[in-house]
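Asks: One file: input17.cif (mmCIF, C-alpha atoms and all ligand atoms).
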```
data_start
#
loop_
_atom_site.label_atom_id
_atom_site.label_comp_id
_atom_site.auth_asym_id
_atom_site.auth_seq_id
_atom_site.Cartn_x
_atom_site.Cartn_y
_atom_site.Cartn_z
CA MET O 1 0.00 0.00 0.00
CA LYS O 2 1.24 3.43 -0.90
CA TYR O 3 1.05 6.47 1.34
CA PRO O 4 1.61 9.43 -0.97
CA GLY O 5 1.91 11.86 1.93
CA THR O 6 4.62 9.98 3.81
CA ARG O 7 7.72 11.47 2.27
CA PRO O 8 6.72 15.12 2.47
CA LEU O 9 5.51 14.62 6.05
CA PHE O 10 8.80 12.95 6.93
CA ALA O 11 10.70 15.84 5.37
CA VAL O 12 8.64 18.37 7.31
CA MET O 13 9.29 16.49 10.56
CA LEU O 14 13.01 16.37 9.85
CA GLY O 15 13.03 20.11 9.24
CA LEU O 16 11.13 20.69 12.46
CA CYS O 17 13.57 18.56 14.40
CA SER O 18 16.59 20.45 13.10
CA SER O 19 15.04 23.85 13.87
CA LEU O 20 14.17 22.63 17.36
CA ALA O 21 17.75 21.46 17.84
CA MET O 22 19.00 24.87 16.74
CA ALA O 23 16.55 26.67 19.02
CA GLN O 24 17.65 24.61 22.00
CA GLU O 25 21.37 25.15 21.46
CA LYS O 26 22.75 26.97 24.47
CA PRO O 27 24.39 30.32 23.70
CA VAL O 28 28.02 30.65 24.79
CA GLU O 29 29.97 33.50 26.29
CA ILE O 30 33.08 33.90 24.15
CA HIS O 31 36.35 34.41 25.98
CA THR O 32 39.36 35.89 24.24
CA ARG O 33 42.73 37.33 25.08
CA LEU O 34 45.35 39.26 23.15
CA VAL O 35 47.50 37.19 20.85
CA GLN O 36 50.81 36.83 22.67
CA GLN O 37 53.76 38.51 21.07
CA ALA O 38 57.40 37.65 21.35
CA GLY O 39 58.99 38.82 24.56
CA ALA O 40 57.43 39.28 27.94
CA ASP O 41 55.29 42.31 27.23
CA LYS O 42 52.57 43.37 29.61
CA LYS O 43 49.99 44.37 27.06
CA VAL O 44 46.33 44.36 28.08
CA ALA O 45 43.15 45.87 26.60
CA LEU O 46 40.36 47.79 28.27
CA THR O 47 36.99 47.46 26.54
CA LEU O 48 34.01 49.55 27.62
CA ASP O 49 30.47 48.79 26.56
CA ALA O 50 28.04 51.61 25.78
CA CYS O 51 24.88 49.49 25.60
CA SER O 52 22.13 52.06 26.08
CA GLY O 53 21.68 54.62 28.83
CA LYS O 54 24.02 57.51 29.58
CA PHE O 55 27.62 58.69 29.23
CA ASP O 56 29.95 58.04 32.17
CA ASP O 57 31.85 61.30 31.94
CA ASP O 58 33.93 60.58 35.09
CA LEU O 59 35.27 57.34 33.64
CA ILE O 60 36.15 58.77 30.23
CA GLU O 61 37.71 61.92 31.74
CA PHE O 62 39.82 59.70 34.01
CA LEU O 63 41.12 57.76 30.97
CA ILE O 64 41.88 61.01 29.11
CA ARG O 65 43.73 62.49 32.12
CA ASN O 66 45.84 59.37 32.50
CA ARG O 67 46.30 58.71 28.77
CA ILE O 68 44.81 55.20 29.01
CA PRO O 69 43.60 53.93 25.62
CA ALA O 70 40.35 51.98 25.47
CA THR O 71 38.05 50.32 22.96
CA ILE O 72 34.44 51.45 23.20
CA PHE O 73 31.68 49.08 22.07
CA ALA O 74 28.79 51.38 21.22
CA THR O 75 25.27 50.67 20.01
CA LYS O 76 23.43 52.98 17.64
CA LYS O 77 20.91 53.38 20.44
CA TRP O 78 23.59 54.78 22.77
CA LEU O 79 25.12 57.01 20.08
CA ASP O 80 21.69 58.45 19.22
CA SER O 81 21.08 59.55 22.79
CA ASN O 82 24.55 60.74 23.82
CA PRO O 83 25.72 63.59 21.56
CA TYR O 84 27.97 65.01 24.29
CA GLY O 85 29.61 61.61 24.76
CA ILE O 86 30.21 61.43 21.02
CA SER O 87 31.89 64.86 21.03
CA VAL O 88 34.26 63.82 23.84
CA ILE O 89 35.15 60.53 22.11
CA LYS O 90 35.66 62.23 18.73
CA ALA O 91 38.00 64.76 20.31
CA HIS O 92 40.16 61.88 21.59
CA LEU O 93 40.35 59.36 18.78
CA ASP O 94 44.07 59.08 19.56
CA LEU O 95 42.98 57.24 22.74
CA PHE O 96 39.68 55.64 21.85
CA ASP O 97 38.78 53.06 19.25
CA VAL O 98 35.04 52.62 18.67
CA GLU O 99 33.64 49.23 17.67
CA ASP O 100 30.24 47.69 16.95
CA HIS O 101 27.86 46.71 19.79
CA GLY O 102 24.82 46.50 17.48
CA GLU O 103 21.92 48.73 16.54
CA ASN O 104 19.50 48.12 19.41
CA HIS O 105 21.40 45.96 21.91
CA ILE O 106 19.73 42.70 20.94
CA PRO O 107 21.65 39.50 21.84
CA ALA O 108 23.21 37.50 18.97
CA VAL O 109 21.02 34.43 19.40
CA ILE O 110 18.64 33.45 16.65
CA GLY O 111 15.17 31.93 16.97
CA ALA O 112 11.72 33.10 18.02
CA GLY O 113 11.35 33.24 21.79
CA ARG O 114 15.06 32.82 22.59
CA LYS O 115 16.45 34.99 25.36
CA VAL O 116 19.73 35.72 27.14
CA TYR O 117 19.42 37.00 30.73
CA GLY O 118 15.76 37.67 29.95
CA ILE O 119 16.56 39.83 26.90
CA PRO O 120 14.91 38.52 23.70
CA GLY O 121 17.28 37.55 20.88
CA GLN O 122 16.78 37.86 17.11
CA PRO O 123 13.81 36.16 15.44
CA ASP O 124 15.86 35.32 12.33
CA LEU O 125 19.15 35.79 10.47
CA LEU O 126 17.94 38.91 8.67
CA HIS O 127 17.36 40.71 11.96
CA LEU O 128 20.83 39.73 13.19
CA GLN O 129 22.37 41.09 9.97
CA ARG O 130 20.53 44.36 10.47
CA GLU O 131 21.61 44.63 14.12
CA VAL O 132 25.27 44.22 13.11
CA SER O 133 25.30 46.35 9.97
CA GLU O 134 23.18 49.25 11.30
CA GLY O 135 25.37 49.38 14.42
CA ALA O 136 28.47 49.63 12.22
CA LYS O 137 26.93 52.27 9.94
CA ALA O 138 26.01 54.45 12.91
CA ILE O 139 29.62 54.38 14.15
CA THR O 140 31.00 55.28 10.74
CA ARG O 141 28.45 58.08 10.34
CA MET O 142 28.74 59.56 13.83
CA ILE O 143 32.35 58.82 14.82
CA GLY O 144 34.02 58.48 11.44
CA VAL O 145 35.69 55.11 12.00
CA THR O 146 34.98 51.72 10.42
CA PRO O 147 34.43 48.96 13.00
CA ARG O 148 36.14 45.58 12.60
CA TRP O 149 35.08 44.00 15.90
CA TYR O 150 31.62 43.00 17.04
CA ARG O 151 30.40 42.37 20.55
CA GLY O 152 26.80 41.27 20.89
CA ALA O 153 24.57 42.42 23.74
CA THR O 154 25.19 40.20 26.82
CA ALA O 155 28.39 38.90 25.09
CA GLU O 156 26.68 35.55 24.45
CA TYR O 157 26.28 34.03 20.99
CA ASP O 158 24.98 30.96 19.29
CA ALA O 159 26.99 29.18 16.59
CA GLN O 160 24.82 30.39 13.70
CA ALA O 161 25.19 34.01 14.84
CA VAL O 162 28.97 33.68 15.20
CA SER O 163 29.41 32.33 11.68
CA GLU O 164 27.16 35.02 10.19
CA ILE O 165 28.96 37.83 12.04
CA ASN O 166 32.30 36.45 10.78
CA ARG O 167 30.91 36.11 7.26
CA MET O 168 29.92 39.79 7.39
CA GLY O 169 33.59 40.61 8.03
CA TYR O 170 33.61 41.18 11.80
CA LYS O 171 35.64 39.42 14.45
CA ILE O 172 33.95 38.56 17.73
CA ALA O 173 35.31 40.56 20.64
CA GLY O 174 35.29 38.37 23.72
CA PHE O 175 37.02 39.21 26.97
CA SER O 176 38.95 37.51 29.76
CA LEU O 177 38.37 39.67 32.83
CA ASN O 178 34.92 40.91 33.76
CA ALA O 179 35.66 44.00 35.88
CA ASP O 180 32.23 45.38 36.75
CA ALA O 181 29.66 42.63 36.02
CA GLY O 182 27.46 44.90 33.91
CA ALA O 183 28.16 47.95 36.12
CA THR O 184 26.69 46.20 39.16
CA LEU O 185 29.85 45.78 41.28
CA ARG O 186 30.85 48.13 44.09
CA LYS O 187 34.16 49.98 44.07
CA ALA O 188 36.04 47.52 46.32
CA ALA O 189 34.92 44.51 44.25
CA ILE O 190 36.10 46.15 41.00
CA ILE O 191 39.51 46.88 42.53
CA GLU O 192 39.79 43.27 43.71
CA LYS O 193 38.89 41.93 40.27
CA VAL O 194 41.40 44.10 38.40
CA LYS O 195 44.16 43.05 40.85
CA ARG O 196 44.06 39.70 39.01
CA LEU O 197 45.01 41.36 35.70
CA LYS O 198 47.58 39.38 33.69
CA SER O 199 49.46 40.01 30.48
CA GLY O 200 47.17 39.54 27.46
CA ASP O 201 43.94 40.10 29.38
CA VAL O 202 40.97 41.84 27.82
CA ILE O 203 38.94 43.69 30.44
CA ILE O 204 35.22 44.25 29.97
CA ALA O 205 33.48 47.06 31.86
CA HIS O 206 30.74 49.61 31.21
CA MET O 207 30.68 53.34 30.42
CA ASN O 208 26.90 53.80 30.20
CA LYS O 209 25.94 53.90 33.88
CA PRO O 210 27.36 57.01 35.54
CA ALA O 211 25.41 56.30 38.76
CA SER O 212 27.28 53.01 39.20
CA ASP O 213 30.64 52.49 40.96
CA SER O 214 32.37 51.63 37.66
CA ALA O 215 34.19 54.97 37.20
CA GLU O 216 35.38 55.15 40.79
CA GLY O 217 36.37 51.49 40.96
CA LEU O 218 38.17 51.48 37.62
CA SER O 219 39.96 54.76 38.39
CA SER O 220 41.67 53.24 41.43
CA ALA O 221 42.13 49.83 39.83
CA LEU O 222 43.70 51.07 36.60
CA ILE O 223 46.12 53.40 38.40
CA ASN O 224 47.38 50.26 40.19
CA SER O 225 47.69 48.47 36.84
CA LEU O 226 49.75 51.34 35.39
CA LYS O 227 52.04 51.20 38.43
CA GLN O 228 52.49 47.48 37.81
CA GLY O 229 53.75 48.30 34.30
CA PHE O 230 50.76 47.17 32.24
CA ILE O 231 50.47 48.78 28.81
CA PHE O 232 46.97 49.39 27.47
CA VAL O 233 46.32 48.78 23.78
CA ARG O 234 43.24 49.19 21.59
CA LEU O 235 41.64 46.39 19.65
CA ASP O 236 42.31 48.10 16.32
CA GLN O 237 46.03 47.69 17.08
CA VAL O 238 46.06 44.01 18.03
CA ASP O 239 44.48 40.64 17.41
CA MET O 240 42.78 38.29 19.86
CA GLU O 241 42.58 34.54 20.20
CA GLN O 242 39.85 32.47 21.74
CA ILE O 243 40.65 30.85 25.07
CA PRO O 244 39.09 27.67 26.34
CA ASP O 245 36.00 28.04 28.44
CA ARG O 246 37.03 28.31 32.04
CA ARG O 247 36.17 30.16 35.15
CA LEU O 248 36.78 33.82 34.50
CA ARG O 249 38.92 35.85 36.81
ZN ZN R 301 25.95 45.83 26.17
#
```
Could you render the structure from this file as structure tokens?
Ligand SMILES: [Zn+2]
Replies:
Amino acid sequence: MKYPGTRPLFAVMLGLCSSLAMAQEKPVEIHTRLVQQAGADKKVALTLDACSGKFDDDLIEFLIRNRIPATIFATKKWLDSNPYGISVIKAHLDLFDVEDHGENHIPAVIGAGRKVYGIPGQPDLLHLQREVSEGAKAITRMIGVTPRWYRGATAEYDAQAVSEINRMGYKIAGFSLNADAGATLRKAAIIEKVKRLKSGDVIIAHMNKPASDSAEGLSSALINSLKQGFIFVRLDQVDMEQIPDRRLR
């Protein structure tokens, strides 16, 4: 007996299974460090996320006063609402590199209903592409630089998002030392965290929450790092390599 509908139904079920598998894949936090160079240099990178919200003037002024270079990951959303911040950054492009943190701060996970830390991800690939490319265009238009690095909101990604972001020509900017836990840590905790800084580390912190302890904590912490001989570099001057998943410092 022949069942004409069997094959198509089977194919539909197979398709369903593979999209379910994709939807259930757990996003990963990508950890990277600077590619080690010959000799025992003490190079490290400070990256500051400007997700949405405000401009942490105290933090940026501290970096300018102390000539500490940093890489700023800005969203279009943040750029649109912080013209003063833009003017300060643009006046100090010798210190600051600006890279892509997306258009609207949507995590780089794909599939209807998927979330990271409660924040909904992208419904499909097209939306991810828009998030990445509109974020980059905003930086080029408002700051005048062309981003090469991408950091998704929440710094978590699924495999499909990673390969699409790479295909679009961007490298994923992970990190190795989380200094302020999304601008939630108090001053003393930030100082403790940054004490563990090692050569090649990439620090992540935030510059969009001036009411937090991030500026105060980082100001003390980074002065200590300078005294220890660490040299801060920007991501447009170096390359990074992925490090195995492990407990972050
Ligand atoms: Zn962010």
Asks: Using only C-alpha atoms, what does the table of region 44-138 of chain O residues within 12 Å of region 185-197 of chain O look like, with each row giving the shortest atom pair and its distance in Å to one decimal, sorted by chain and ascending number, as JSON lines?
Replies:
```
{"residue": "O:Val44", "atom": "CA", "partner": "O:Leu197", "partner_atom": "CA", "distance": 8.3}
{"residue": "O:Ala45", "atom": "CA", "partner": "O:Leu197", "partner_atom": "CA", "distance": 10.3}
{"residue": "O:Leu46", "atom": "CA", "partner": "O:Val194", "partner_atom": "CA", "distance": 10.8}
```
Asks: Counting only C-alpha atoms and all ligand atoms, what residues are within 6 Å of ligand ZN 301 (chain R), given as a list in words?
Replies: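 Going residue by residue within 6 Å of ligand ZN 301 (chain R), we get Asp49, Cys51, Ala153 and Thr154 of chain O.
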Asks: Which residues are near region 56-65 of chain O? Cut-off 7 Å, only C-alpha atoms, ignore same chain within fewer than 6 positions. Put them as JSON, numbers by chain.
Replies: {"O": [207, 208, 209, 210, 215, 219]}
Asks: Choose the residue, out of O:Glu134, O:Asp124, O:Asp100, O:Glu164, that has the smallest atom-to-atom separation from Tyr150 (chain O); count all atoms listed in the file.
Replies: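 Comparing O:Glu134, O:Asp124, O:Asp100, O:Glu164 against Tyr150 (chain O), the winner is O:Asp100.
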Asks: To one decimal in Å, tell me the separation between CA of Arg167 (chain O) and CA of Arg234 (chain O).
Replies: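 We find that CA of Arg167 (chain O) and CA of Arg234 (chain O) lie 23.0 Å from each other.
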Asks: Need the shell around Leu34 (chain O): protein/DNA/RNA residues with any atom at most 12 Å away, counting all atoms listed in the file. Skip same-chain ones fewer than 6 positions apart. Format as a list in words?
Replies: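 Result of the neighbour search: Asp41, Lys42, Lys43, Val44, Ala45, Leu46, Ala173, Gly174, Phe175, Ser176, Leu177, Lys198, Ser199, Gly200, Asp201, Val202, Ile203, Phe232, Val233, Arg234, Leu235, Asp236, Gln237, Val238, Asp239, Met240, Glu241, Gln242 and Ile243 of chain O.
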Asks: To one decimal in Å, tell me the separation between CA of Ile143 (chain O) and CA of Asp80 (chain O).
Replies: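 One can read the CA of Ile143 (chain O) to CA of Asp80 (chain O) distance as 11.5 Å.
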